[in-house]
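Text of protein_35.cif, listed as mmCIF, C-alpha atoms:
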```
data_model
loop_
_atom_site.group_PDB
_atom_site.id
_atom_site.type_symbol
_atom_site.label_atom_id
_atom_site.label_comp_id
_atom_site.auth_asym_id
_atom_site.auth_seq_id
_atom_site.Cartn_x
_atom_site.Cartn_y
_atom_site.Cartn_z
ATOM 1 C CA MET A 173 0.000 0.000 0.000
ATOM 2 C CA TYR A 174 1.282 3.470 -0.890
ATOM 3 C CA HIS A 175 1.328 6.279 1.622
ATOM 4 C CA TYR A 176 1.838 9.964 0.973
ATOM 5 C CA ILE A 177 2.839 12.751 3.275
ATOM 6 C CA LEU A 178 0.617 15.826 3.169
ATOM 7 C CA SER A 179 1.861 18.528 5.471
ATOM 8 C CA ASP A 180 2.849 16.246 8.348
ATOM 9 C CA MET A 181 0.155 13.720 7.591
ATOM 10 C CA ILE A 182 0.495 10.345 5.881
ATOM 11 C CA ILE A 183 -2.245 9.732 3.316
ATOM 12 C CA PRO A 184 -2.852 6.097 2.330
ATOM 13 C CA THR A 185 -4.076 5.092 -1.099
ATOM 14 C CA LEU A 186 -7.760 4.218 -1.218
ATOM 15 C CA THR A 187 -9.426 1.260 -2.890
ATOM 16 C CA LYS A 188 -12.000 1.969 -5.623
ATOM 17 C CA ALA A 189 -14.837 1.331 -3.173
ATOM 18 C CA GLU A 190 -13.300 3.642 -0.562
ATOM 19 C CA GLU A 191 -12.779 6.349 -3.191
ATOM 20 C CA GLN A 192 -16.409 6.045 -4.275
ATOM 21 C CA VAL A 193 -17.637 6.525 -0.703
ATOM 22 C CA MET A 194 -15.269 9.490 -0.279
ATOM 23 C CA GLN A 195 -16.563 11.047 -3.533
ATOM 24 C CA TYR A 196 -20.095 10.955 -2.133
ATOM 25 C CA LEU A 197 -18.985 12.251 1.270
ATOM 26 C CA TRP A 198 -17.045 15.118 -0.343
ATOM 27 C CA LYS A 199 -20.205 15.966 -2.276
ATOM 28 C CA LEU A 200 -22.365 15.871 0.871
ATOM 29 C CA LYS A 201 -19.802 17.583 3.166
ATOM 30 C CA LYS A 202 -21.486 15.732 6.078
ATOM 31 C CA GLY A 203 -23.767 12.749 5.991
ATOM 32 C CA PHE A 204 -25.309 9.810 7.746
ATOM 33 C CA LEU A 205 -24.968 6.302 6.341
ATOM 34 C CA LYS A 206 -28.417 6.572 4.726
ATOM 35 C CA ASP A 207 -27.436 9.858 3.006
ATOM 36 C CA ILE A 208 -24.333 8.284 1.496
ATOM 37 C CA LEU A 209 -26.237 5.160 0.467
ATOM 38 C CA GLU A 210 -28.874 7.266 -1.337
ATOM 39 C CA LEU A 211 -26.213 8.630 -3.711
ATOM 40 C CA PHE A 212 -25.250 5.174 -4.972
ATOM 41 C CA PRO A 213 -26.824 4.068 -8.247
ATOM 42 C CA GLU A 214 -29.004 0.979 -8.443
ATOM 43 C CA PRO A 215 -28.365 -1.720 -7.465
ATOM 44 C CA LYS A 216 -27.295 -0.076 -4.230
ATOM 45 C CA PRO A 217 -24.735 -1.859 -2.061
ATOM 46 C CA HIS A 218 -25.899 -3.234 1.280
ATOM 47 C CA SER A 219 -25.715 -0.739 4.125
ATOM 48 C CA ASN A 220 -23.368 -3.087 6.032
ATOM 49 C CA THR A 221 -20.898 -2.849 3.150
ATOM 50 C CA ILE A 222 -20.881 0.953 3.253
ATOM 51 C CA SER A 223 -20.713 0.907 7.045
ATOM 52 C CA THR A 224 -17.627 -1.314 6.889
ATOM 53 C CA ILE A 225 -15.999 0.975 4.309
ATOM 54 C CA LEU A 226 -16.711 3.987 6.543
ATOM 55 C CA LYS A 227 -15.044 2.190 9.471
ATOM 56 C CA VAL A 228 -11.967 1.517 7.317
ATOM 57 C CA LEU A 229 -11.921 5.154 6.169
ATOM 58 C CA LYS A 230 -12.032 6.235 9.818
ATOM 59 C CA GLU A 231 -9.107 3.927 10.613
ATOM 60 C CA LYS A 232 -7.207 5.478 7.678
ATOM 61 C CA ASN A 233 -8.006 8.962 9.091
ATOM 62 C CA PHE A 234 -10.030 10.007 6.058
ATOM 63 C CA VAL A 235 -13.290 10.494 7.935
ATOM 64 C CA GLU A 236 -14.531 11.253 11.408
ATOM 65 C CA TYR A 237 -18.033 11.279 12.786
ATOM 66 C CA GLU A 238 -20.279 13.028 15.250
ATOM 67 C CA VAL A 239 -22.680 10.926 17.293
ATOM 68 C CA HIS A 240 -26.358 11.850 17.005
ATOM 69 C CA GLY A 241 -28.295 9.477 19.212
ATOM 70 C CA ARG A 242 -27.551 6.029 17.812
ATOM 71 C CA GLN A 243 -26.373 7.306 14.437
ATOM 72 C CA HIS A 244 -23.057 8.620 13.186
ATOM 73 C CA GLN A 245 -22.825 11.673 10.965
ATOM 74 C CA TYR A 246 -19.645 11.312 8.903
ATOM 75 C CA PHE A 247 -17.500 14.095 7.509
ATOM 76 C CA PRO A 248 -14.211 14.075 5.564
ATOM 77 C CA LEU A 249 -10.932 14.930 7.278
ATOM 78 C CA ILE A 250 -9.066 15.154 3.973
ATOM 79 C CA SER A 251 -10.325 17.376 1.187
ATOM 80 C CA LYS A 252 -10.905 16.138 -2.326
ATOM 81 C CA GLU A 253 -8.236 18.569 -3.526
ATOM 82 C CA GLN A 254 -5.654 17.176 -1.088
ATOM 83 C CA TYR A 255 -6.312 13.595 -2.132
ATOM 84 C CA SER A 256 -6.496 14.470 -5.834
ATOM 85 C CA GLY A 257 -3.142 16.230 -5.656
ATOM 86 C CA LYS A 258 -1.475 13.273 -3.991
ATOM 87 C CA SER A 259 -3.116 10.852 -6.437
ATOM 88 C CA MET A 260 -1.874 12.898 -9.382
ATOM 89 C CA LYS A 261 1.663 12.957 -7.975
ATOM 90 C CA ARG A 262 1.552 9.171 -7.506
ATOM 91 C CA LEU A 263 0.265 8.640 -11.048
ATOM 92 C CA VAL A 264 2.955 10.835 -12.592
ATOM 93 C CA LYS A 265 5.680 9.246 -10.470
ATOM 94 C CA ASN A 266 4.641 5.640 -11.133
ATOM 95 C CA TYR A 267 3.648 5.838 -14.805
ATOM 96 C CA PHE A 268 5.468 8.834 -16.287
ATOM 97 C CA SER A 269 8.934 8.678 -14.696
ATOM 98 C CA ASP A 270 8.027 11.503 -12.317
ATOM 99 C CA SER A 271 7.650 13.855 -15.314
ATOM 100 C CA TYR A 272 4.578 16.011 -15.799
ATOM 101 C CA THR A 273 5.861 16.746 -19.308
ATOM 102 C CA ASN A 274 5.678 13.031 -20.097
ATOM 103 C CA ALA A 275 2.150 12.902 -18.652
ATOM 104 C CA VAL A 276 0.964 15.846 -20.768
ATOM 105 C CA SER A 277 2.668 14.407 -23.873
ATOM 106 C CA PHE A 278 0.838 11.126 -23.283
ATOM 107 C CA LEU A 279 -2.500 12.952 -23.089
ATOM 108 C CA VAL A 280 -1.750 14.811 -26.306
ATOM 109 C CA GLU A 281 -0.733 11.599 -28.108
ATOM 110 C CA LYS A 282 -3.952 9.900 -27.010
ATOM 111 C CA ASN A 283 -6.018 12.900 -28.154
ATOM 112 C CA GLU A 284 -7.178 13.515 -24.590
ATOM 113 C CA LEU A 285 -5.730 17.036 -24.581
ATOM 114 C CA SER A 286 -6.193 19.424 -27.494
ATOM 115 C CA VAL A 287 -4.035 22.277 -28.715
ATOM 116 C CA GLU A 288 -6.707 24.637 -27.363
ATOM 117 C CA ASP A 289 -6.423 22.979 -23.946
ATOM 118 C CA LEU A 290 -2.635 23.408 -24.028
ATOM 119 C CA GLU A 291 -2.957 27.064 -25.032
ATOM 120 C CA MET A 292 -5.404 27.657 -22.189
ATOM 121 C CA LEU A 293 -3.015 26.008 -19.709
ATOM 122 C CA LEU A 294 -0.118 28.053 -21.047
ATOM 123 C CA ASN A 295 -2.134 31.263 -20.637
ATOM 124 C CA GLU A 296 -3.022 30.272 -17.073
ATOM 125 C CA LEU A 297 0.667 29.704 -16.318
ATOM 126 C CA LYS A 298 1.612 33.051 -17.860
ATOM 127 C CA ASN A 299 -1.053 34.882 -15.848
ATOM 128 C CA LYS A 300 -0.255 33.087 -12.597
ATOM 129 C CA ASP A 301 2.311 35.687 -11.502
#
```
Whole structure given in structure tokens:
Amino acid sequence: MYHYILSDMIIPTLTKAEEQVMQYLWKLKKGFLKDILELFPEPKPHSNTISTILKVLKEKNFVEYEVHGRQHQYFPLISKEQYSGKSMKRLVKNYFSDSYTNAVSFLVEKNELSVEDLEMLLNELKNKD
């Protein structure tokens, strides 16, 4: 399992199922198990499955919860932007020899990134200062 350091915090890699639950929780900002479950498409997973994933995410320090009676209201501890940034760094490191230039070249070769997209990115970089 890969881990990343964000500020002084280690961020583990998530499974596809964990990422899906996090996507819904990031969208909700805060939510009970039933709220998260409602966002899943049909056929919905069993609530015990999502509950188990939430427990794992808590152990990985991705989520925390507040107790409301007998229910837990979950909220993310790591933002989508933080995780996305670390995921992108891992992808570039593992598949593109730690080169963002190689990653962009790959996207251009596969027609996933157009000349217009590149020009827009270049303009953003120029205007960043």
Draw an axis-aligned box tight on the listed atoms of stretch 267-279 of chain A, then pad every side by 4 Å and write out centre and edge lengths in Å to one decimal as lines of an AutoDock Vina configuration file.
```
center_x = 3.2
center_y = 11.3
center_z = -18.1
size_x = 19.4
size_y = 18.9
size_z = 19.6
```
State, in Å with one decimal place, the distance from atom CA of A:Leu205 to atom CA of A:Lys227.
->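 Value for the atom CA of A:Leu205-atom CA of A:Lys227 distance: 11.2 Å.
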Run the PyMOL selection byres ((chain A and resi 255) around 10) on the file and write out the hits as a ChimeraX atom specification.
-> /A:176,178,183-186,191,234,250-254,256-261
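The smallest atom-to-atom distance between A:Ser219 and any of A:Thr187, A:Val193, A:Arg262, A:Leu200, using all atoms listed in the file, is found for A:Val193.
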Would you mind listing what lies within 12 Å of A:Ser223 as a list in words, with all atoms listed in the file counted and same-chain residues fewer than 2 positions away left out?
-> Ala189, Glu190, Val193, Phe204, Leu205, Lys206, Asp207, Ile208, Leu209, Pro217, His218, Ser219, Asn220, Thr221, Ile225, Leu226, Lys227, Val228, Leu229, Lys230, Gln243, His244, Gln245 and Tyr246 of chain A
With C-alpha atoms retained, write the just-selected residues as a PDB file, in the coordinates of the input.
```pdb
ATOM      1  CA  ALA A 189     -14.837   1.331  -3.173  1.00  0.00           C
ATOM      2  CA  GLU A 190     -13.300   3.642  -0.562  1.00  0.00           C
ATOM      3  CA  VAL A 193     -17.637   6.525  -0.703  1.00  0.00           C
ATOM      4  CA  PHE A 204     -25.309   9.810   7.746  1.00  0.00           C
ATOM      5  CA  LEU A 205     -24.968   6.302   6.341  1.00  0.00           C
ATOM      6  CA  LYS A 206     -28.417   6.572   4.726  1.00  0.00           C
ATOM      7  CA  ASP A 207     -27.436   9.858   3.006  1.00  0.00           C
ATOM      8  CA  ILE A 208     -24.333   8.284   1.496  1.00  0.00           C
ATOM      9  CA  LEU A 209     -26.237   5.160   0.467  1.00  0.00           C
ATOM     10  CA  PRO A 217     -24.735  -1.859  -2.061  1.00  0.00           C
ATOM     11  CA  HIS A 218     -25.899  -3.234   1.280  1.00  0.00           C
ATOM     12  CA  SER A 219     -25.715  -0.739   4.125  1.00  0.00           C
ATOM     13  CA  ASN A 220     -23.368  -3.087   6.032  1.00  0.00           C
ATOM     14  CA  THR A 221     -20.898  -2.849   3.150  1.00  0.00           C
ATOM     15  CA  ILE A 225     -15.999   0.975   4.309  1.00  0.00           C
ATOM     16  CA  LEU A 226     -16.711   3.987   6.543  1.00  0.00           C
ATOM     17  CA  LYS A 227     -15.044   2.190   9.471  1.00  0.00           C
ATOM     18  CA  VAL A 228     -11.967   1.517   7.317  1.00  0.00           C
ATOM     19  CA  LEU A 229     -11.921   5.154   6.169  1.00  0.00           C
ATOM     20  CA  LYS A 230     -12.032   6.235   9.818  1.00  0.00           C
ATOM     21  CA  GLN A 243     -26.373   7.306  14.437  1.00  0.00           C
ATOM     22  CA  HIS A 244     -23.057   8.620  13.186  1.00  0.00           C
ATOM     23  CA  GLN A 245     -22.825  11.673  10.965  1.00  0.00           C
ATOM     24  CA  TYR A 246     -19.645  11.312   8.903  1.00  0.00           C
TER      25      TYR A 246
END
```
When you draw a straight line from atom CA of A:Trp198 to atom CA of A:Leu293, how long is it in Å?
->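 Computed distance, atom CA of A:Trp198 to atom CA of A:Leu293, equals 26.3 Å.
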What does the distance between atom CA of A:Met194 and atom CA of A:Pro248 come to in Å, to one decimal place?
-> 7.5 Å
Need the neighbours of (2.1, 16.4, -22.5): which residues are at most 12 Å away, counting only C-alpha atoms, as a PyMOL selection string?
-> chain A and resi 264+268+271-287+289-290+293-294
